[in-house]
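To be precise, the following lines are final16.csv, and they hold CSV, C-alpha atoms.
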chain,number,residue,atom,x,y,z
A,225,MET,CA,-146.5,43.6,-11.2
A,226,LYS,CA,-145.8,44.8,-7.6
A,227,LYS,CA,-146.5,41.3,-6.3
A,228,ASN,CA,-144.0,39.8,-8.7
A,229,LEU,CA,-141.4,42.4,-7.8
A,230,ILE,CA,-141.6,41.7,-4.0
A,231,SER,CA,-141.6,37.9,-4.7
A,232,GLY,CA,-138.5,38.3,-6.8
A,233,ASN,CA,-136.7,40.3,-4.1
A,234,LEU,CA,-137.7,37.9,-1.4
A,235,ARG,CA,-136.6,34.9,-3.4
A,236,ALA,CA,-133.2,36.4,-4.2
A,237,GLY,CA,-132.7,37.1,-0.4
A,238,LEU,CA,-133.8,33.7,0.7
A,239,LEU,CA,-131.6,31.9,-1.8
A,240,GLY,CA,-128.6,34.0,-0.8
A,241,SER,CA,-129.3,33.4,2.9
A,242,ALA,CA,-129.9,29.6,2.5
A,243,SER,CA,-126.8,29.0,0.3
A,244,SER,CA,-124.6,31.2,2.6
A,245,GLY,CA,-125.9,29.3,5.6
A,246,VAL,CA,-124.9,25.9,4.2
A,247,THR,CA,-121.4,27.0,3.1
A,248,GLY,CA,-120.9,29.1,6.3
A,249,ALA,CA,-121.6,26.1,8.5
A,250,LEU,CA,-119.2,23.9,6.6
A,251,LEU,CA,-116.3,26.4,6.6
A,252,PHE,CA,-116.9,28.1,10.0
A,253,PRO,CA,-113.7,26.7,11.7
A,254,LEU,CA,-111.6,28.7,9.1
A,255,GLU,CA,-113.5,31.9,9.9
A,256,ASN,CA,-113.0,31.3,13.6
A,257,VAL,CA,-109.3,30.8,13.2
A,258,LYS,CA,-109.0,33.9,10.9
A,259,ILE,CA,-110.6,36.2,13.5
A,260,ARG,CA,-108.4,34.9,16.3
A,261,LEU,CA,-105.3,35.6,14.3
A,262,GLN,CA,-106.5,39.1,13.5
A,263,LEU,CA,-107.1,39.7,17.2
A,264,ALA,CA,-103.7,38.3,18.2
A,265,ASP,CA,-101.6,40.7,20.3
A,266,LYS,CA,-98.2,39.4,19.3
A,267,ARG,CA,-96.2,38.8,16.2
A,268,GLY,CA,-96.0,35.2,15.0
A,269,GLN,CA,-92.7,33.5,15.9
A,270,ASP,CA,-91.0,33.0,12.5
A,271,MET,CA,-94.1,31.4,11.1
A,272,ASN,CA,-95.6,32.1,7.7
A,273,PHE,CA,-99.3,32.7,7.3
A,274,TYR,CA,-100.1,29.0,6.6
A,275,GLN,CA,-98.1,27.8,9.6
A,276,GLU,CA,-99.9,30.3,11.8
A,277,MET,CA,-103.2,29.0,10.6
A,278,ILE,CA,-102.3,25.4,11.4
A,279,ALA,CA,-100.7,26.3,14.7
A,280,THR,CA,-103.8,28.3,15.8
A,281,MET,CA,-106.1,25.6,14.8
A,282,GLY,CA,-104.1,23.0,16.8
A,283,GLN,CA,-104.0,25.3,19.8
A,284,ILE,CA,-107.7,25.7,19.8
A,285,VAL,CA,-108.2,21.9,19.7
A,286,GLN,CA,-105.7,21.4,22.4
A,287,THR,CA,-107.1,23.9,24.8
A,288,GLU,CA,-110.8,23.9,24.0
A,289,GLY,CA,-111.3,20.6,22.2
A,290,VAL,CA,-112.7,20.1,18.7
A,291,SER,CA,-115.9,22.0,19.8
A,292,GLY,CA,-113.7,25.1,20.2
A,293,LEU,CA,-113.4,25.3,16.4
A,294,TYR,CA,-117.2,25.8,16.4
A,295,SER,CA,-117.6,28.2,19.3
A,296,GLY,CA,-119.8,31.1,18.1
A,297,LEU,CA,-121.3,29.1,15.2
A,298,SER,CA,-124.9,30.1,16.0
A,299,GLN,CA,-124.0,33.8,16.2
A,300,TYR,CA,-122.0,33.5,13.0
A,301,LEU,CA,-124.8,31.8,11.1
A,302,LEU,CA,-127.3,34.5,12.2
A,303,TYR,CA,-124.9,37.2,11.1
A,304,ASN,CA,-123.8,35.5,7.8
A,305,MET,CA,-127.2,34.4,6.7
A,306,SER,CA,-128.7,37.8,7.5
A,307,GLN,CA,-125.8,39.5,5.7
A,308,TRP,CA,-126.1,37.7,2.4
A,309,GLY,CA,-129.9,37.5,2.6
A,310,VAL,CA,-130.2,41.3,3.0
A,311,TYR,CA,-127.5,41.8,0.4
A,312,PHE,CA,-129.1,39.8,-2.4
A,313,TYR,CA,-132.6,41.2,-1.5
A,314,PHE,CA,-131.4,44.8,-2.0
A,315,LYS,CA,-129.3,43.9,-5.1
A,316,ARG,CA,-132.4,42.5,-6.8
A,317,PHE,CA,-134.5,45.5,-5.5
A,318,PHE,CA,-132.1,48.1,-7.0
A,319,GLN,CA,-131.8,46.1,-10.2
A,320,ASP,CA,-135.5,46.1,-10.7
A,321,PHE,CA,-135.8,49.8,-9.7
A,322,PHE,CA,-133.1,50.8,-12.2
A,323,ASP,CA,-134.7,48.7,-14.9
A,324,LYS,CA,-138.2,50.0,-14.2
A,325,HIS,CA,-137.2,53.7,-14.3
A,326,ARG,CA,-134.6,53.1,-17.1
A,327,LEU,CA,-131.8,54.6,-15.1
A,328,VAL,CA,-128.1,54.2,-16.3
A,329,ARG,CA,-128.1,52.6,-19.8
A,330,ASN,CA,-124.7,51.1,-19.5
A,331,GLU,CA,-125.2,47.6,-18.2
A,332,ASN,CA,-121.8,47.2,-16.5
A,333,LEU,CA,-122.1,50.6,-14.7
A,334,ARG,CA,-125.7,49.8,-13.7
A,335,ASN,CA,-124.7,46.5,-12.2
A,336,LEU,CA,-121.8,48.2,-10.4
A,337,LEU,CA,-124.1,50.8,-8.9
A,338,CYS,CA,-126.8,48.2,-7.8
A,339,THR,CA,-124.1,46.1,-6.2
A,340,TYR,CA,-122.6,49.1,-4.3
A,341,LEU,CA,-126.0,50.4,-3.1
A,342,ALA,CA,-126.9,46.9,-1.9
A,343,GLY,CA,-123.7,46.8,0.0
A,344,VAL,CA,-124.4,50.1,1.7
A,345,ALA,CA,-127.9,49.0,2.7
A,346,ASN,CA,-126.5,45.7,4.0
A,347,VAL,CA,-123.9,47.5,6.2
A,348,VAL,CA,-126.6,49.7,7.8
A,349,ALA,CA,-128.8,46.8,8.5
A,350,ILE,CA,-126.2,44.1,9.6
A,351,CYS,CA,-123.5,46.1,11.4
A,352,PRO,CA,-124.8,45.2,14.9
A,353,LEU,CA,-124.8,41.5,14.1
A,354,SER,CA,-121.2,41.8,12.9
A,355,VAL,CA,-120.2,43.5,16.1
A,356,LEU,CA,-121.9,40.8,18.2
A,357,PHE,CA,-120.2,38.0,16.3
A,358,ASN,CA,-116.7,39.5,16.5
A,359,TYR,CA,-117.2,40.4,20.2
A,360,VAL,CA,-118.2,36.8,21.0
A,361,VAL,CA,-115.2,35.4,19.3
A,362,SER,CA,-112.9,37.9,21.0
A,363,LYS,CA,-114.3,37.0,24.4
A,364,ARG,CA,-113.9,33.3,23.7
A,365,LYS,CA,-110.3,33.9,22.8
A,366,ALA,CA,-109.7,35.9,26.0
A,367,THR,CA,-111.7,34.0,28.6
A,368,GLY,CA,-112.3,30.6,27.1
A,369,ARG,CA,-116.1,30.9,27.4
A,370,THR,CA,-118.7,31.6,24.7
A,371,LEU,CA,-121.1,34.4,25.5
A,372,SER,CA,-124.8,34.2,24.4
A,373,MET,CA,-126.1,36.9,22.1
A,374,TYR,CA,-128.0,38.3,25.1
A,375,SER,CA,-125.0,38.5,27.3
A,376,ALA,CA,-122.9,40.0,24.5
A,377,CYS,CA,-125.5,42.7,23.9
A,378,LEU,CA,-125.5,43.6,27.6
A,379,GLU,CA,-121.7,43.8,27.8
A,380,ILE,CA,-121.5,46.0,24.7
A,381,TYR,CA,-124.3,48.3,25.8
A,382,ALA,CA,-122.8,48.6,29.3
A,383,LYS,CA,-119.4,49.5,27.8
A,384,SER,CA,-120.3,51.8,24.9
A,385,GLY,CA,-124.1,52.3,24.8
A,386,LEU,CA,-126.0,52.0,21.6
A,387,LEU,CA,-123.1,53.3,19.6
A,388,GLY,CA,-121.1,50.2,20.6
A,389,PHE,CA,-123.2,48.2,18.2
A,390,TYR,CA,-121.9,50.3,15.3
A,391,LYS,CA,-118.1,50.0,16.0
A,392,GLY,CA,-116.3,49.7,12.8
A,393,PHE,CA,-119.2,51.2,10.8
A,394,VAL,CA,-117.1,53.6,8.8
A,395,VAL,CA,-114.6,50.8,7.9
A,396,ALA,CA,-117.5,48.5,7.0
A,397,LEU,CA,-118.9,51.2,4.7
A,398,ILE,CA,-115.5,51.4,2.9
A,399,LEU,CA,-115.4,47.6,2.8
A,400,VAL,CA,-118.6,47.8,0.6
A,401,ILE,CA,-116.1,47.8,-2.3
A,402,ASN,CA,-115.3,44.2,-1.4
A,403,PRO,CA,-118.6,42.7,-2.5
A,404,THR,CA,-118.8,45.3,-5.2
A,405,ILE,CA,-115.5,44.1,-6.7
A,406,ASN,CA,-116.5,40.5,-5.9
A,407,LEU,CA,-119.8,40.4,-7.8
A,408,THR,CA,-118.6,42.7,-10.6
A,409,VAL,CA,-115.7,40.4,-11.4
A,410,PHE,CA,-118.0,37.4,-11.0
A,411,THR,CA,-120.5,38.9,-13.5
A,412,LEU,CA,-117.7,39.7,-16.0
A,413,LEU,CA,-116.2,36.2,-15.7
A,414,SER,CA,-119.7,34.6,-16.1
A,415,LYS,CA,-120.3,36.6,-19.2
A,416,LEU,CA,-116.9,35.7,-20.6
A,417,SER,CA,-117.5,32.0,-19.9
A,418,LYS,CA,-120.8,32.0,-21.8
A,419,LYS,CA,-119.5,34.1,-24.7
A,420,ALA,CA,-116.3,32.1,-25.2
A,421,ARG,CA,-117.9,28.8,-24.1
A,422,LEU,CA,-115.2,28.2,-21.5
A,423,ARG,CA,-116.8,25.4,-19.6
A,424,PHE,CA,-114.2,25.3,-16.9
A,425,LEU,CA,-115.3,28.9,-15.8
A,426,ASN,CA,-118.5,27.6,-14.1
A,427,SER,CA,-120.1,29.5,-11.2
A,428,PHE,CA,-117.9,27.8,-8.6
A,429,VAL,CA,-114.6,28.8,-10.4
A,430,CYS,CA,-115.9,32.3,-11.2
A,431,GLY,CA,-117.1,32.8,-7.6
A,432,GLY,CA,-113.8,31.7,-6.2
A,433,LEU,CA,-111.7,33.9,-8.5
A,434,SER,CA,-113.8,37.0,-8.0
A,435,LYS,CA,-113.6,36.6,-4.2
A,436,LEU,CA,-109.8,36.1,-4.4
A,437,VAL,CA,-109.4,39.4,-6.2
A,438,ALA,CA,-111.7,41.3,-3.7
A,439,THR,CA,-110.1,39.8,-0.6
A,440,LEU,CA,-106.5,40.6,-1.6
A,441,LEU,CA,-107.5,44.2,-2.3
A,442,THR,CA,-109.4,44.8,0.9
A,443,PHE,CA,-108.0,42.5,3.7
A,444,PRO,CA,-106.2,45.2,5.8
A,445,LEU,CA,-109.6,47.0,6.2
A,446,ASN,CA,-111.2,43.8,7.3
A,447,THR,CA,-108.5,43.4,10.0
A,448,ILE,CA,-109.1,47.0,11.3
A,449,LYS,CA,-112.9,46.3,11.4
A,450,VAL,CA,-112.5,43.0,13.3
A,451,ASN,CA,-110.3,44.7,15.9
A,452,GLN,CA,-112.6,47.7,16.4
A,453,GLN,CA,-115.6,45.4,16.8
A,454,GLY,CA,-114.0,42.4,18.6
A,455,LYS,CA,-112.5,44.6,21.3
A,456,ASN,CA,-115.3,47.2,21.1
A,457,SER,CA,-112.5,49.8,20.8
A,458,LYS,CA,-113.1,53.5,20.7
A,459,LYS,CA,-110.0,54.0,18.6
A,460,GLY,CA,-110.4,55.5,15.1
A,461,ILE,CA,-109.1,54.0,11.9
A,462,LEU,CA,-105.7,55.7,12.0
A,463,MET,CA,-105.1,54.9,15.7
A,464,MET,CA,-106.2,51.3,15.2
A,465,VAL,CA,-103.8,50.9,12.2
A,466,LEU,CA,-100.9,52.3,14.3
A,467,THR,CA,-101.8,50.0,17.3
A,468,ILE,CA,-101.8,46.9,15.0
A,469,ILE,CA,-98.5,47.9,13.4
A,470,MET,CA,-96.9,48.6,16.9
A,471,ARG,CA,-97.9,45.3,18.3
A,472,SER,CA,-97.4,43.1,15.2
A,473,GLY,CA,-95.6,45.1,12.5
A,474,VAL,CA,-97.0,45.9,9.1
A,475,SER,CA,-97.6,42.2,8.6
A,476,GLY,CA,-100.2,42.4,11.4
A,477,LEU,CA,-102.6,44.0,9.0
A,478,TYR,CA,-102.4,40.8,7.0
A,479,LYS,CA,-102.7,38.3,9.9
A,480,GLY,CA,-105.1,35.5,9.0
A,481,LEU,CA,-104.9,36.3,5.3
A,482,SER,CA,-104.2,32.7,4.2
A,483,THR,CA,-107.1,31.5,6.3
A,484,LYS,CA,-109.4,34.2,4.9
A,485,LEU,CA,-108.3,33.4,1.3
A,486,LEU,CA,-109.0,29.8,1.8
A,487,GLN,CA,-112.3,30.3,3.6
A,488,SER,CA,-113.6,33.2,1.4
A,489,VAL,CA,-112.7,31.6,-2.0
A,490,LEU,CA,-114.4,28.3,-0.9
A,491,HIS,CA,-117.3,30.0,0.7
A,492,ASN,CA,-118.0,32.4,-2.2
A,493,GLY,CA,-117.5,29.7,-4.9
A,494,LEU,CA,-119.8,27.2,-3.1
A,495,MET,CA,-122.4,29.8,-2.1
A,496,LEU,CA,-122.8,31.2,-5.7
A,497,TYR,CA,-122.7,27.7,-7.1
A,498,ILE,CA,-125.5,26.5,-4.8
A,499,LYS,CA,-127.5,29.7,-5.3
A,500,GLU,CA,-127.4,29.6,-9.1
A,501,ASN,CA,-128.2,25.9,-9.2
A,502,ILE,CA,-131.1,26.1,-6.9
A,503,SER,CA,-132.4,29.2,-8.8
A,504,ARG,CA,-132.0,27.3,-12.1
A,505,LYS,CA,-134.0,24.3,-10.8
A,506,LEU,CA,-136.7,26.5,-9.5
A,507,ASP,CA,-137.0,28.2,-12.9
A,508,ALA,CA,-137.0,24.9,-14.8
A,509,PRO,CA,-140.7,24.1,-14.3
A,510,LYS,CA,-141.7,27.6,-15.5
A,511,LEU,CA,-139.6,27.1,-18.7
A,512,LYS,CA,-141.2,23.7,-19.4
A,513,ARG,CA,-144.7,25.2,-19.0
A,514,ASN,CA,-143.9,28.0,-21.4
For this file, write the structure as structure tokens.
Amino acid sequence: MKKNLISGNLRAGLLGSASSGVTGALLFPLENVKIRLQLADKRGQDMNFYQEMIATMGQIVQTEGVSGLYSGLSQYLLYNMSQWGVYFYFKRFFQDFFDKHRLVRNENLRNLLCTYLAGVANVVAICPLSVLFNYVVSKRKATGRTLSMYSACLEIYAKSGLLGFYKGFVVALILVINPTINLTVFTLLSKLSKKARLRFLNSFVCGGLSKLVATLLTFPLNTIKVNQQGKNSKKGILMMVLTIIMRSGVSGLYKGLSTKLLQSVLHNGLMLYIKENISRKLDAPKLKRN
């Protein structure tokens, strides 16, 4: 029994990591542009969110070449694949734990708690990688050169010590509500599609819609976290909010929103679609034998 439990956890983690790696690599330029917009020190000149996204992408290509859109890709893949691998591992772990000990009978509440606890475990484990990635992108934007993970570690440690690797930790803990909202909405939509036989609500559409809801509700917190980590700032949440508003207005809290929506909806939809399809194919031989 124990062997099967561990195998199930590892499989969930590996499937999440692999599917996230594929979609992350495909959509990385959007993530790169989004973070640069969030770190911008000035208000956009009469441009809406989509115009800013296109202008920023063009500026990167003009000054750094096409390769500039992929600067920091290796660091991002390490962070992204670890993030989702750890997340799905712990989500399966807590689901099995709650089922084994018959905790919380209400299925929706149990799923919500498992999702939230998995998010907390994920933040504790992955925060240093998030700091490293955002710091690398910030340095690339400021200096035009991409730091290695080792060089970034040395700079962060020299500036802030070990605590520097947990900048934005409090905000990241609050942001746990993002994947909680995301996967809760995804589960509800998936159940709705099966019950009502709505074929258009497949895993890609459900994943995209659930991420859209979660991103719209939590994006300002994401902007605060990126600024704390990217600049390795010692400012608290309130001071960082005031700093962003002073330099870019209230709209500064939503810089990069259009890029984030596009990237997140596509990433989440593709990732969950790939993960569910791979999982279904792996389970097919077992069903045939039974």
Query - Residue neighbourhood Gly460 of chain A, 12 Å, all atoms listed in the file, exclusion window fewer than 5 positions, as a ChimeraX atom specification - result: /A:391-395,448-449,451-453,465-467
Report task. Would you mind listing what lies within 9 Å of Leu445 of chain A as a ChimeraX atom specification, with all atoms listed in the file counted and same-chain residues fewer than 2 positions away left out? Result -> /A:395-396,398-399,442-443,447-450,477
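Atom CA of Arg235 of chain A to atom CA of Met495 of chain A spans 15.1 Å [interatomic distance, one decimal].
Distance-wise, atom CA of Val347 of chain A and atom CA of Thr439 of chain A end up 17.2 Å apart.
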Report task. Write out as a ChimeraX atom specification each polymer residue whose atoms come within 10 Å of segment 316-326 of chain A, counting all atoms listed in the file; drop sequence neighbours fewer than 6 positions from it. Result -> /A:229-230,232-237,334-335,337-342
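Note that atom CA of Leu263 of chain A and atom CA of Val285 of chain A are 18.0 Å apart.
For Lys479 of chain A, the non-local neighbours within 9 Å, defined as residues at least 5 positions apart in the same chain or in other chains and counting only C-alpha atoms, are Lys258, Ile259, Leu261, Gln262, Leu263, Ala264, Gly268, Phe273, Glu276, Pro444, Thr447 and Ser472 of chain A.
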Report task. Show which residues sit within 12 Å of Asn501 of chain A, as a ChimeraX atom specification. Count only C-alpha atoms, and ignore same-chain residues fewer than 6 positions away. Result -> /A:239-240,243,426-428,494-495,507-508
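Using only C-alpha atoms, the shortest contact distance between Ser414 of chain A and any of A:Gly385, A:Gln275, A:Lys458, A:Tyr497 is found at A:Tyr497.
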Coordinates of box centre and edge lengths for segment 446-450 of chain A, 5 Å on every side, axis-aligned, as JSON:
{"center_x": -110.7, "center_y": 45.0, "center_z": 10.3, "size_x": 14.4, "size_y": 14.0, "size_z": 16.0}
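Compared by their closest atoms to Gly454 of chain A, and using only C-alpha atoms, the residues A:Gly343, A:Pro352, A:Gly248, A:Gly289 rank with A:Pro352 nearest.
With only C-alpha atoms as the atoms that count, the residue of A:Gly480, A:Tyr313, A:Ala376, A:Leu485 with the shortest distance to Ile278 of chain A is A:Gly480.
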Final N, CA and C atoms of segment 359-384 of chain A as an mmCIF file, keeping the file's coordinate frame:
data_model
loop_
_atom_site.group_PDB
_atom_site.id
_atom_site.type_symbol
_atom_site.label_atom_id
_atom_site.label_comp_id
_atom_site.auth_asym_id
_atom_site.auth_seq_id
_atom_site.Cartn_x
_atom_site.Cartn_y
_atom_site.Cartn_z
ATOM 1 N N TYR A 359 -117.337 40.221 18.710
ATOM 2 C CA TYR A 359 -117.200 40.400 20.200
ATOM 3 C C TYR A 359 -117.205 39.031 20.861
ATOM 4 N N VAL A 360 -118.112 38.162 20.417
ATOM 5 C CA VAL A 360 -118.200 36.800 21.000
ATOM 6 C C VAL A 360 -116.941 36.019 20.781
ATOM 7 N N VAL A 361 -116.395 36.074 19.557
ATOM 8 C CA VAL A 361 -115.200 35.400 19.300
ATOM 9 C C VAL A 361 -113.996 35.929 20.073
ATOM 10 N N SER A 362 -113.939 37.253 20.212
ATOM 11 C CA SER A 362 -112.900 37.900 21.000
ATOM 12 C C SER A 362 -112.935 37.477 22.442
ATOM 13 N N LYS A 363 -114.139 37.419 23.013
ATOM 14 C CA LYS A 363 -114.300 37.000 24.400
ATOM 15 C C LYS A 363 -113.940 35.553 24.609
ATOM 16 N N ARG A 364 -114.284 34.719 23.644
ATOM 17 C CA ARG A 364 -113.900 33.300 23.700
ATOM 18 C C ARG A 364 -112.424 33.137 23.727
ATOM 19 N N LYS A 365 -111.737 33.926 22.892
ATOM 20 C CA LYS A 365 -110.300 33.900 22.800
ATOM 21 C C LYS A 365 -109.647 34.337 24.136
ATOM 22 N N ALA A 366 -110.249 35.367 24.769
ATOM 23 C CA ALA A 366 -109.700 35.900 26.000
ATOM 24 C C ALA A 366 -110.013 35.184 27.255
ATOM 25 N N THR A 367 -111.242 34.652 27.327
ATOM 26 C CA THR A 367 -111.700 34.000 28.600
ATOM 27 C C THR A 367 -111.964 32.542 28.494
ATOM 28 N N GLY A 368 -112.069 32.022 27.273
ATOM 29 C CA GLY A 368 -112.300 30.600 27.100
ATOM 30 C C GLY A 368 -113.810 30.238 27.215
ATOM 31 N N ARG A 369 -114.688 31.228 27.343
ATOM 32 C CA ARG A 369 -116.100 30.900 27.400
ATOM 33 C C ARG A 369 -116.856 31.673 26.277
ATOM 34 N N THR A 370 -117.911 31.049 25.778
ATOM 35 C CA THR A 370 -118.700 31.600 24.700
ATOM 36 C C THR A 370 -119.898 32.355 25.242
ATOM 37 N N LEU A 371 -119.982 33.649 24.988
ATOM 38 C CA LEU A 371 -121.100 34.400 25.500
ATOM 39 C C LEU A 371 -122.353 34.158 24.595
ATOM 40 N N SER A 372 -123.516 34.215 25.218
ATOM 41 C CA SER A 372 -124.800 34.200 24.400
ATOM 42 C C SER A 372 -124.950 35.529 23.781
ATOM 43 N N MET A 373 -125.826 35.579 22.794
ATOM 44 C CA MET A 373 -126.100 36.900 22.100
ATOM 45 C C MET A 373 -126.607 37.885 23.126
ATOM 46 N N TYR A 374 -127.456 37.430 24.051
ATOM 47 C CA TYR A 374 -128.000 38.300 25.100
ATOM 48 C C TYR A 374 -126.943 38.914 25.959
ATOM 49 N N SER A 375 -126.045 38.037 26.444
ATOM 50 C CA SER A 375 -125.000 38.500 27.300
ATOM 51 C C SER A 375 -124.013 39.436 26.599
ATOM 52 N N ALA A 376 -123.732 39.129 25.338
ATOM 53 C CA ALA A 376 -122.900 40.000 24.500
ATOM 54 C C ALA A 376 -123.483 41.366 24.352
ATOM 55 N N CYS A 377 -124.789 41.387 24.099
ATOM 56 C CA CYS A 377 -125.500 42.700 23.900
ATOM 57 C C CYS A 377 -125.397 43.505 25.209
ATOM 58 N N LEU A 378 -125.594 42.860 26.366
ATOM 59 C CA LEU A 378 -125.500 43.600 27.600
ATOM 60 C C LEU A 378 -124.145 44.164 27.883
ATOM 61 N N GLU A 379 -123.103 43.374 27.600
ATOM 62 C CA GLU A 379 -121.700 43.800 27.800
ATOM 63 C C GLU A 379 -121.379 45.007 26.902
ATOM 64 N N ILE A 380 -121.758 44.895 25.641
ATOM 65 C CA ILE A 380 -121.500 46.000 24.700
ATOM 66 C C ILE A 380 -122.199 47.237 25.063
ATOM 67 N N TYR A 381 -123.460 47.089 25.442
ATOM 68 C CA TYR A 381 -124.300 48.300 25.800
ATOM 69 C C TYR A 381 -123.712 48.920 27.085
ATOM 70 N N ALA A 382 -123.309 48.095 28.059
ATOM 71 C CA ALA A 382 -122.800 48.600 29.300
ATOM 72 C C ALA A 382 -121.450 49.382 29.059
ATOM 73 N N LYS A 383 -120.682 48.915 28.089
ATOM 74 C CA LYS A 383 -119.400 49.500 27.800
ATOM 75 C C LYS A 383 -119.455 50.743 26.928
ATOM 76 N N SER A 384 -120.306 50.700 25.909
ATOM 77 C CA SER A 384 -120.300 51.800 24.900
ATOM 78 C C SER A 384 -121.670 52.327 24.536
#
